[in-house]
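This is coords_9.cif (mmCIF, N, CA and C atoms).
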```cif
data_work
#
loop_
_atom_site.group_PDB
_atom_site.id
_atom_site.type_symbol
_atom_site.label_atom_id
_atom_site.label_comp_id
_atom_site.auth_asym_id
_atom_site.auth_seq_id
_atom_site.Cartn_x
_atom_site.Cartn_y
_atom_site.Cartn_z
ATOM 1 N N MET A 1 -81.806 213.521 165.168
ATOM 2 C CA MET A 1 -80.655 213.344 166.008
ATOM 3 C C MET A 1 -80.370 211.858 166.140
ATOM 4 N N ALA A 2 -79.205 211.434 165.731
ATOM 5 C CA ALA A 2 -78.835 210.023 165.759
ATOM 6 C C ALA A 2 -78.298 209.641 167.135
ATOM 7 N N VAL A 3 -78.702 208.470 167.602
ATOM 8 C CA VAL A 3 -78.236 207.966 168.881
ATOM 9 C C VAL A 3 -77.170 206.918 168.611
ATOM 10 N N LYS A 4 -76.019 207.103 169.216
ATOM 11 C CA LYS A 4 -74.917 206.158 169.014
ATOM 12 C C LYS A 4 -74.925 205.143 170.145
ATOM 13 N N LYS A 5 -74.977 203.872 169.785
ATOM 14 C CA LYS A 5 -74.985 202.804 170.775
ATOM 15 C C LYS A 5 -73.559 202.399 171.087
ATOM 16 N N VAL A 6 -73.231 202.313 172.358
ATOM 17 C CA VAL A 6 -71.891 201.951 172.795
ATOM 18 C C VAL A 6 -71.790 200.430 172.871
ATOM 19 N N GLU A 7 -70.753 199.879 172.273
ATOM 20 C CA GLU A 7 -70.529 198.433 172.309
ATOM 21 C C GLU A 7 -70.045 198.009 173.692
ATOM 22 N N LYS A 8 -70.522 196.857 174.154
ATOM 23 C CA LYS A 8 -70.065 196.321 175.429
ATOM 24 C C LYS A 8 -68.732 195.616 175.227
ATOM 25 N N PRO A 9 -67.883 195.636 176.250
ATOM 26 C CA PRO A 9 -66.621 194.882 176.151
ATOM 27 C C PRO A 9 -66.897 193.388 176.020
ATOM 28 N N SER A 10 -65.929 192.661 175.502
ATOM 29 C CA SER A 10 -66.134 191.231 175.266
ATOM 30 C C SER A 10 -66.390 190.465 176.563
ATOM 31 N N VAL A 11 -65.811 190.897 177.670
ATOM 32 C CA VAL A 11 -66.050 190.229 178.959
ATOM 33 C C VAL A 11 -67.509 190.387 179.364
ATOM 34 N N ALA A 12 -68.065 191.558 179.169
ATOM 35 C CA ALA A 12 -69.473 191.790 179.508
ATOM 36 C C ALA A 12 -70.386 190.949 178.626
ATOM 37 N N LYS A 13 -70.032 190.808 177.346
ATOM 38 C CA LYS A 13 -70.842 189.981 176.446
ATOM 39 C C LYS A 13 -70.810 188.523 176.885
ATOM 40 N N ALA A 14 -69.624 188.044 177.326
ATOM 41 C CA ALA A 14 -69.506 186.652 177.765
ATOM 42 C C ALA A 14 -70.337 186.413 179.027
ATOM 43 N N MET A 15 -70.310 187.348 179.970
ATOM 44 C CA MET A 15 -71.087 187.198 181.199
ATOM 45 C C MET A 15 -72.578 187.265 180.909
ATOM 46 N N GLU A 16 -72.967 188.097 179.954
ATOM 47 C CA GLU A 16 -74.375 188.215 179.590
ATOM 48 C C GLU A 16 -74.897 186.874 179.082
ATOM 49 N N GLY A 17 -74.099 186.172 178.284
ATOM 50 C CA GLY A 17 -74.494 184.863 177.775
ATOM 51 C C GLY A 17 -74.660 183.846 178.880
ATOM 52 N N LYS A 18 -73.800 183.900 179.887
ATOM 53 C CA LYS A 18 -73.907 182.969 181.016
ATOM 54 C C LYS A 18 -75.170 183.234 181.827
ATOM 55 N N TRP A 19 -75.502 184.517 182.032
ATOM 56 C CA TRP A 19 -76.697 184.837 182.795
ATOM 57 C C TRP A 19 -77.967 184.470 182.040
ATOM 58 N N VAL A 20 -77.927 184.574 180.729
ATOM 59 C CA VAL A 20 -79.074 184.151 179.930
ATOM 60 C C VAL A 20 -79.282 182.642 180.082
ATOM 61 N N THR A 21 -78.189 181.896 180.091
ATOM 62 C CA THR A 21 -78.271 180.452 180.276
ATOM 63 C C THR A 21 -78.839 180.111 181.654
ATOM 64 N N VAL A 22 -78.397 180.818 182.685
ATOM 65 C CA VAL A 22 -78.927 180.604 184.033
ATOM 66 C C VAL A 22 -80.423 180.934 184.063
ATOM 67 N N GLY A 23 -80.804 182.021 183.401
ATOM 68 C CA GLY A 23 -82.215 182.401 183.348
ATOM 69 C C GLY A 23 -83.077 181.344 182.687
ATOM 70 N N TRP A 24 -82.594 180.786 181.579
ATOM 71 C CA TRP A 24 -83.341 179.720 180.900
ATOM 72 C C TRP A 24 -83.432 178.471 181.782
ATOM 73 N N GLY A 25 -82.368 178.181 182.524
ATOM 74 C CA GLY A 25 -82.401 177.037 183.444
ATOM 75 C C GLY A 25 -83.446 177.221 184.530
ATOM 76 N N LEU A 26 -83.505 178.438 185.089
ATOM 77 C CA LEU A 26 -84.523 178.721 186.103
ATOM 78 C C LEU A 26 -85.929 178.639 185.523
ATOM 79 N N LEU A 27 -86.074 179.116 184.311
ATOM 80 C CA LEU A 27 -87.376 179.032 183.637
ATOM 81 C C LEU A 27 -87.785 177.574 183.430
ATOM 82 N N LEU A 28 -86.835 176.734 183.078
ATOM 83 C CA LEU A 28 -87.113 175.307 182.902
ATOM 84 C C LEU A 28 -87.548 174.667 184.210
ATOM 85 N N VAL A 29 -86.827 174.937 185.291
ATOM 86 C CA VAL A 29 -87.187 174.361 186.593
ATOM 87 C C VAL A 29 -88.565 174.849 187.026
ATOM 88 N N GLY A 30 -88.828 176.141 186.840
ATOM 89 C CA GLY A 30 -90.142 176.680 187.199
ATOM 90 C C GLY A 30 -91.256 176.072 186.370
ATOM 91 N N GLY A 31 -91.013 175.879 185.082
ATOM 92 C CA GLY A 31 -92.020 175.266 184.215
ATOM 93 C C GLY A 31 -92.293 173.824 184.594
ATOM 94 N N LEU A 32 -91.232 173.092 184.898
ATOM 95 C CA LEU A 32 -91.420 171.703 185.334
ATOM 96 C C LEU A 32 -92.176 171.643 186.652
ATOM 97 N N ALA A 33 -91.922 172.595 187.542
ATOM 98 C CA ALA A 33 -92.617 172.617 188.833
ATOM 99 C C ALA A 33 -94.111 172.834 188.640
ATOM 100 N N HIS A 34 -94.494 173.635 187.648
ATOM 101 C CA HIS A 34 -95.915 173.862 187.393
ATOM 102 C C HIS A 34 -96.556 172.696 186.666
ATOM 103 N N MET A 35 -95.830 172.062 185.760
ATOM 104 C CA MET A 35 -96.408 170.974 184.967
ATOM 105 C C MET A 35 -96.376 169.631 185.686
ATOM 106 N N LEU A 36 -95.370 169.417 186.523
ATOM 107 C CA LEU A 36 -95.215 168.149 187.229
ATOM 108 C C LEU A 36 -95.039 168.392 188.731
ATOM 109 N N PRO A 37 -96.046 168.940 189.404
ATOM 110 C CA PRO A 37 -95.857 169.312 190.813
ATOM 111 C C PRO A 37 -95.575 168.128 191.735
ATOM 112 N N VAL A 38 -96.199 166.994 191.476
ATOM 113 C CA VAL A 38 -95.992 165.836 192.354
ATOM 114 C C VAL A 38 -94.578 165.286 192.190
ATOM 115 N N GLN A 39 -94.100 165.200 190.957
ATOM 116 C CA GLN A 39 -92.774 164.664 190.703
ATOM 117 C C GLN A 39 -91.668 165.614 191.169
ATOM 118 N N MET A 40 -91.916 166.917 191.109
ATOM 119 C CA MET A 40 -90.901 167.899 191.494
ATOM 120 C C MET A 40 -90.959 168.263 192.981
ATOM 121 N N ALA A 41 -91.984 167.800 193.701
ATOM 122 C CA ALA A 41 -92.165 168.169 195.107
ATOM 123 C C ALA A 41 -90.959 167.844 195.984
ATOM 124 N N PRO A 42 -90.333 166.662 195.834
ATOM 125 C CA PRO A 42 -89.167 166.395 196.703
ATOM 126 C C PRO A 42 -88.031 167.402 196.512
ATOM 127 N N LEU A 43 -87.752 167.792 195.288
ATOM 128 C CA LEU A 43 -86.686 168.754 195.022
ATOM 129 C C LEU A 43 -87.077 170.153 195.492
ATOM 130 N N LEU A 44 -88.293 170.566 195.188
ATOM 131 C CA LEU A 44 -88.728 171.921 195.518
ATOM 132 C C LEU A 44 -88.988 172.101 197.005
ATOM 133 N N GLY A 45 -89.158 171.013 197.721
ATOM 134 C CA GLY A 45 -89.417 171.088 199.151
ATOM 135 C C GLY A 45 -88.174 171.276 199.998
ATOM 136 N N TRP A 46 -86.992 171.082 199.419
ATOM 137 C CA TRP A 46 -85.760 171.282 200.185
ATOM 138 C C TRP A 46 -85.709 172.716 200.677
ATOM 139 N N SER A 47 -85.301 172.893 201.911
ATOM 140 C CA SER A 47 -85.203 174.258 202.422
ATOM 141 C C SER A 47 -84.058 174.364 203.421
ATOM 142 N N LEU A 48 -83.594 175.584 203.570
ATOM 143 C CA LEU A 48 -82.537 175.898 204.517
ATOM 144 C C LEU A 48 -82.927 177.210 205.172
ATOM 145 N N TYR A 49 -83.043 177.205 206.487
ATOM 146 C CA TYR A 49 -83.457 178.390 207.245
ATOM 147 C C TYR A 49 -84.806 178.931 206.768
ATOM 148 N N GLY A 50 -85.706 178.056 206.381
ATOM 149 C CA GLY A 50 -87.040 178.466 205.974
ATOM 150 C C GLY A 50 -87.159 178.952 204.535
ATOM 151 N N VAL A 51 -86.064 178.929 203.787
ATOM 152 C CA VAL A 51 -86.093 179.343 202.387
ATOM 153 C C VAL A 51 -86.028 178.083 201.529
ATOM 154 N N SER A 52 -87.116 177.794 200.828
ATOM 155 C CA SER A 52 -87.170 176.578 200.019
ATOM 156 C C SER A 52 -86.558 176.822 198.642
ATOM 157 N N VAL A 53 -86.254 175.746 197.954
ATOM 158 C CA VAL A 53 -85.723 175.837 196.592
ATOM 159 C C VAL A 53 -86.743 176.524 195.695
ATOM 160 N N GLN A 54 -88.022 176.203 195.900
ATOM 161 C CA GLN A 54 -89.069 176.814 195.082
ATOM 162 C C GLN A 54 -89.094 178.333 195.262
ATOM 163 N N MET A 55 -88.972 178.799 196.498
ATOM 164 C CA MET A 55 -88.973 180.232 196.753
ATOM 165 C C MET A 55 -87.727 180.892 196.157
ATOM 166 N N ALA A 56 -86.584 180.250 196.300
ATOM 167 C CA ALA A 56 -85.339 180.818 195.776
ATOM 168 C C ALA A 56 -85.376 180.912 194.250
ATOM 169 N N VAL A 57 -85.848 179.865 193.591
ATOM 170 C CA VAL A 57 -85.946 179.876 192.130
ATOM 171 C C VAL A 57 -86.912 180.964 191.680
ATOM 172 N N GLY A 58 -88.028 181.112 192.364
ATOM 173 C CA GLY A 58 -89.005 182.126 192.004
ATOM 174 C C GLY A 58 -88.466 183.535 192.144
ATOM 175 N N VAL A 59 -87.818 183.820 193.258
ATOM 176 C CA VAL A 59 -87.297 185.172 193.494
ATOM 177 C C VAL A 59 -86.187 185.503 192.506
ATOM 178 N N VAL A 60 -85.236 184.588 192.329
ATOM 179 C CA VAL A 60 -84.115 184.856 191.423
ATOM 180 C C VAL A 60 -84.601 184.994 189.984
ATOM 181 N N SER A 61 -85.557 184.187 189.564
ATOM 182 C CA SER A 61 -86.031 184.286 188.183
ATOM 183 C C SER A 61 -86.770 185.601 187.934
ATOM 184 N N VAL A 62 -87.529 186.092 188.916
ATOM 185 C CA VAL A 62 -88.217 187.375 188.756
ATOM 186 C C VAL A 62 -87.208 188.519 188.694
ATOM 187 N N VAL A 63 -86.202 188.487 189.554
ATOM 188 C CA VAL A 63 -85.176 189.537 189.542
ATOM 189 C C VAL A 63 -84.435 189.541 188.213
ATOM 190 N N MET A 64 -84.065 188.367 187.709
ATOM 191 C CA MET A 64 -83.356 188.295 186.425
ATOM 192 C C MET A 64 -84.242 188.761 185.279
ATOM 193 N N ALA A 65 -85.520 188.396 185.311
ATOM 194 C CA ALA A 65 -86.427 188.820 184.246
ATOM 195 C C ALA A 65 -86.570 190.339 184.235
ATOM 196 N N LEU A 66 -86.722 190.936 185.403
ATOM 197 C CA LEU A 66 -86.816 192.395 185.467
ATOM 198 C C LEU A 66 -85.532 193.060 184.998
ATOM 199 N N TYR A 67 -84.398 192.496 185.352
ATOM 200 C CA TYR A 67 -83.109 193.044 184.951
ATOM 201 C C TYR A 67 -82.997 193.089 183.425
ATOM 202 N N PHE A 68 -83.358 191.992 182.779
ATOM 203 C CA PHE A 68 -83.269 191.954 181.313
ATOM 204 C C PHE A 68 -84.371 192.756 180.645
ATOM 205 N N LEU A 69 -85.583 192.746 181.202
ATOM 206 C CA LEU A 69 -86.692 193.480 180.586
ATOM 207 C C LEU A 69 -86.528 194.996 180.697
ATOM 208 N N LEU A 70 -85.898 195.443 181.781
ATOM 209 C CA LEU A 70 -85.712 196.880 181.957
ATOM 210 C C LEU A 70 -84.470 197.407 181.247
ATOM 211 N N GLY A 71 -83.783 196.553 180.537
ATOM 212 C CA GLY A 71 -82.700 197.012 179.676
ATOM 213 C C GLY A 71 -81.322 196.993 180.289
ATOM 214 N N ASN A 72 -81.184 196.671 181.543
ATOM 215 C CA ASN A 72 -79.920 196.555 182.270
ATOM 216 C C ASN A 72 -78.854 197.577 181.848
ATOM 217 N N GLU A 73 -79.263 198.799 181.587
ATOM 218 C CA GLU A 73 -78.281 199.822 181.190
ATOM 219 C C GLU A 73 -78.295 200.975 182.146
#
```

I'd like the structure from this file rewritten - as C-alpha coordinates, please.
Amino acid sequence: MAVKKVEKPSVAKAMEGKWVTVGWGLLLVGGLAHMLPVQMAPLLGWSLYGVSVQMAVGVVSVVMALYFLLGNE
(Lines of atoms letter the chains of each structure in order from A and count residues from 1; the text may use other names and numbers.)
(Lines give C-alpha, C1' and ligand atoms only; values in the text may rest on other atoms or scores of the structure.)
Protein backbone atom coordinates (compact mmCIF):
# COMPACT_ATOMS: atom_id res chain seq x y z
CA MET A 1 0.00 0.00 0.00
CA ALA A 2 1.58 3.25 -1.14
CA VAL A 3 1.45 6.30 1.10
CA LYS A 4 0.97 9.60 -0.68
CA LYS A 5 2.71 12.56 0.91
CA VAL A 6 0.84 15.86 0.74
CA GLU A 7 2.92 18.87 -0.31
CA LYS A 8 2.89 21.87 2.01
CA PRO A 9 1.82 25.24 0.61
CA SER A 10 4.62 27.64 -0.24
CA VAL A 11 3.74 29.90 2.72
CA ALA A 12 4.16 26.99 5.13
CA LYS A 13 7.52 26.11 3.55
CA ALA A 14 8.70 29.73 3.96
CA MET A 15 7.66 29.81 7.64
CA GLU A 16 9.34 26.46 8.25
CA GLY A 17 12.64 27.91 7.00
CA LYS A 18 12.33 30.89 9.34
CA TRP A 19 11.67 28.66 12.35
CA VAL A 20 14.66 26.49 11.48
CA THR A 21 16.80 29.63 11.44
CA VAL A 22 15.43 30.68 14.84
CA GLY A 23 16.14 27.18 16.17
CA TRP A 24 19.75 27.30 14.98
CA GLY A 25 20.13 30.74 16.58
CA LEU A 26 18.88 29.41 19.90
CA LEU A 27 21.21 26.44 19.60
CA LEU A 28 24.12 28.82 19.01
CA VAL A 29 23.28 30.95 22.06
CA GLY A 30 22.87 27.83 24.20
CA GLY A 31 26.18 26.41 22.97
CA LEU A 32 28.00 29.65 23.67
CA ALA A 33 26.47 29.75 27.15
CA HIS A 34 27.91 26.30 27.90
CA MET A 35 31.32 26.96 26.36
CA LEU A 36 31.80 30.53 27.59
CA PRO A 37 29.76 30.84 30.80
CA VAL A 38 31.72 33.75 32.27
CA GLN A 39 31.59 35.82 29.08
CA MET A 40 27.89 35.09 28.47
CA ALA A 41 26.81 35.63 32.12
CA PRO A 42 25.85 39.32 31.70
CA LEU A 43 23.53 38.53 28.78
CA LEU A 44 22.07 35.35 30.25
CA GLY A 45 21.49 37.00 33.62
CA TRP A 46 18.98 39.52 32.27
CA SER A 47 15.55 38.76 33.62
CA LEU A 48 12.04 40.14 33.65
CA TYR A 49 9.53 39.02 36.29
CA GLY A 50 11.91 36.26 37.39
CA VAL A 51 12.30 34.76 33.90
CA SER A 52 15.91 35.00 32.75
CA VAL A 53 17.15 34.97 29.17
CA GLN A 54 18.84 31.65 29.90
CA MET A 55 15.57 30.08 31.04
CA ALA A 56 13.64 31.49 28.08
CA VAL A 57 16.21 30.25 25.55
CA GLY A 58 16.22 26.81 27.16
CA VAL A 59 12.45 26.41 27.22
CA VAL A 60 11.89 27.70 23.68
CA SER A 61 14.70 25.58 22.24
CA VAL A 62 13.34 22.40 23.86
CA VAL A 63 9.81 23.11 22.60
CA MET A 64 11.10 23.77 19.07
CA ALA A 65 13.26 20.64 19.12
CA LEU A 66 10.32 18.49 20.18
CA TYR A 67 8.11 20.09 17.54
CA PHE A 68 10.55 19.23 14.75
CA LEU A 69 11.54 15.81 16.13
CA LEU A 70 7.94 14.67 16.51
CA GLY A 71 7.23 15.47 12.89
CA ASN A 72 4.99 18.54 13.34
CA GLU A 73 2.19 16.88 11.37

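Comparing the minimum interatomic distances between A:Leu44 and each of A:Val63, A:Val20, A:Val57, A:Leu70, counting only C-alpha atoms, we find that A:Val57 sits nearest.
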
Sel. of helix (DSSP H, G or I) residues, stretch 8-73 of chain A, as an MDAnalysis selection string | chainID A and resid 10:35 37:44 53:69

What is the atom CA of A:Val29-atom CA of A:Leu69 distance in Å, reported with one decimal?
->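 The value is 20.0 Å.
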
For atom CA of A:Gly30 and atom CA of A:Gln54, the interatomic separation in Å (one decimal) |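 Answer for the atom CA of A:Gly30 to atom CA of A:Gln54 separation: 8.0 Å.
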
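Atom CA of A:Ala56 lies 12.2 Å from atom CA of A:Leu43.
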
Might you pull out every residue within 8 Å of stretch 22-25 of chain A, with only N, CA and C atoms counted and same-chain residues fewer than 4 positions away left off, and present them as a count of residues only?
-> 10

Residues in the PyMOL selection byres (((chain A and resi 33 and name CA) around 12) and name CA), expressed as number ranges by chain = A: 26-32, 34-45, 53-55, 57-58
